Amino acid sequence: MHVRRSGLRGRVQDVRGKFDSEGRFMVSANDTNDGSDMLDWIAAQAWSTGKIGTYGCSYLGEDQIELSKLRNPHHTAMIPQAAGGAYRFADLLEGGAVGLSEAAPWFLKWGSKIEPAPETSKVDLAQMFLTLPFVDMVKKAGAPHTDFEDFVSHAPDDPWWDRFGYVDKRHRFNTPALQVCSWYDSVVHETFLLAKLMRENGESELARDNQFVVIEHTTHCAFDSATERTVVGKGELGDAQFNYYKLYLRWYDRWLKGIENGMASVPKVQIYVMGANKWRSENDIATPTSRTHRAGGGDRKTGSRIRRHFGRADSRRCSARAGSSRGHAQSHGNHPRRPCREGRSDIPLS
């Protein structure tokens with residue numbers, strides 16, 4: 001509706017092997033080249049100006065980022081939302097470990113290679129996460145064939161990953177991007193990393209100077225759900241409303257129609273500060289007034305707070321083979337709810 005009112009034409013492309021698209025689905029393997037072919041087709045139509053903007057959230061946001069590394073001349077602007085997973089399997093592997101809470105439910109719901117996907121019975125995720133060996137987790141939960149088994153069987157430095165569309169420091173970019181994510185999203189950190197990467201590896205000054213980020217306060221892809229009294233979980237976040245669609249149309253007007261509408265003066269970073277419950281702006285992707293803390297590691301004060309709250313776990317008691325400096329995953333031969341062979345962990349696991 002917003003697109004029609006703005007005078008823009010919209011087209012929807014189904015991922016290969018999903019919905020009305022033919023072929024066999026494989027996560028992020030074919031989307032990049034298929035997307036570029038679609039851009040070329042649109043640009044060749046009599047009604048097209050050849051300037052094309054892309055839009056979408058989550059997997060559809062990741063596809064935009066991955067498409068941009070091809071630097072198709074028709075890919076004029078993009079709005080990737082919650083797209084941090086494009087940053088080298090960000091939401092599937094974390095430091096070499098499989099992020100089961102993200103990976104397994106996603107493959108269970110969306111990863112089917114059969115289309116239409118057969119319905120599965122309701123799954124008790126807490127029980128599913130205890131499945132051993134965990135490589136069989138999704139299959140034993142009743143899912144049809146997926147890529148889960150392959151994804152969890154390859155180390156991060158395995159050349160096997162190069163067949164996918166994920167981006168890293170080797171790639172270059174030339175598309176202005178307005179990225180949107182949430183503090184409650186698992187890939188908010190990667191959103192900043194992507195914006196920084198696309199600025200540093202921008203092929204032109206236009207690309208380097210036009211990487212924008214908006215970080216809000218709701219949950220995954222729920223950006224327009226804020227009200228005058230926004231509540232997420234049990235947290236009251238005040239009046240956190242933001243006119244996203246006005247900004248989106250202004251973005252497309254600038255890049256697709258060539259309208260000089262002041263986008264250059266919009267702050268590069270707009271974030272909602274929870275606690276203070278107000279929006280704040282920065283003009284640098286790496287916000288100079290922010291600090292990053294990794295829970296339990298690298299920061300003594302942060303680590304001590306976690307120990308006081310959860311108790312103390314002595315990792316020296318755990319029989320685990322640490323990963324190598326090249327990023328191989330750690331290995332455990334234990335039950336997932338009892339990760340230590342000797343002694344016990346003081347952290348409650350149930």
# chains A, B, ... in the order shown; residues from 1 in each chain; ligands from 1
call {"tool": "residues_around", "arguments": {"residues": "segment 127-144 of chain A", "least_positions_apart": "5", "cutoff": "9 Å", "atoms": "only C-alpha atoms", "output": "MDAnalysis selection string"}}
result
chainID A and resid 100:101 104:105 107:109 111:114 117:121 149:150 152:153 335:337
call {"tool": "residues_around", "arguments": {"residues": "Pro176 of chain A", "least_positions_apart": "6", "cutoff": "12 Å", "atoms": "only C-alpha atoms", "output": "number ranges by chain"}}
result
A: 52-54, 64-65, 68-69, 71, 75-80, 195, 198-199, 202-213, 251-252, 254-256, 263-264, 268
call {"tool": "select_by_dssp", "arguments": {"residues": "segment 153-212 of chain A", "states": "strand (DSSP E)", "output": "MDAnalysis selection string"}}
result
chainID A and resid 177:182 211:212
call {"tool": "residues_around", "arguments": {"residues": "Asp40 of chain A", "least_positions_apart": "4", "cutoff": "12 Å", "atoms": "only C-alpha atoms", "output": "ChimeraX atom specification"}}
result
/A:33-36,44-45,48-52,72-75
call {"tool": "write_last_selection", "arguments": {"atoms": "C-alpha atoms", "output": "short mmCIF file (atom, residue, chain, number, x, y, z; two decimals), in the first residue's frame"}}
result
data_model
loop_
_atom_site.label_atom_id
_atom_site.label_comp_id
_atom_site.auth_asym_id
_atom_site.auth_seq_id
_atom_site.Cartn_x
_atom_site.Cartn_y
_atom_site.Cartn_z
CA ASN A 33 22.74 -15.27 -8.31
CA ASP A 34 18.98 -15.77 -8.63
CA GLY A 35 18.44 -12.31 -7.15
CA SER A 36 20.87 -10.73 -9.59
CA ALA A 44 14.98 -4.91 -19.06
CA GLN A 45 11.23 -4.21 -18.80
CA SER A 48 11.57 0.08 -15.57
CA THR A 49 14.04 2.92 -15.03
CA GLY A 50 16.76 0.38 -14.25
CA LYS A 51 17.02 1.67 -10.69
CA ILE A 52 15.86 -1.01 -8.27
CA ASN A 72 24.80 -5.45 -9.85
CA PRO A 73 24.52 -1.95 -11.40
CA HIS A 74 20.72 -2.03 -11.05
CA HIS A 75 20.84 -2.65 -7.28
#
call {"tool": "closest_residue", "arguments": {"among": "A:Ser225, A:Ser28, A:Thr218, A:Thr146", "to": "Tyr59 of chain A", "atoms": "only C-alpha atoms"}}
result
A:Ser28
call {"tool": "closest_residue", "arguments": {"among": "A:Gly17, A:Pro267, A:Pro156, A:Gly85", "to": "Glu115 of chain A", "atoms": "only C-alpha atoms"}}
result
A:Gly17
call {"tool": "atom_distance", "arguments": {"atom1": "atom CA of Ala103 of chain A", "atom2": "atom CA of Val15 of chain A"}}
result
18.9 Å
call {"tool": "closest_residue", "arguments": {"among": "A:Asp168, A:Glu216, A:Glu66, A:Asp253", "to": "Asp239 of chain A", "atoms": "only C-alpha atoms"}}
result
A:Glu216
call {"tool": "atom_distance", "arguments": {"atom1": "atom CA of Lys169 of chain A", "atom2": "atom CA of Leu197 of chain A"}}
result
6.8 Å
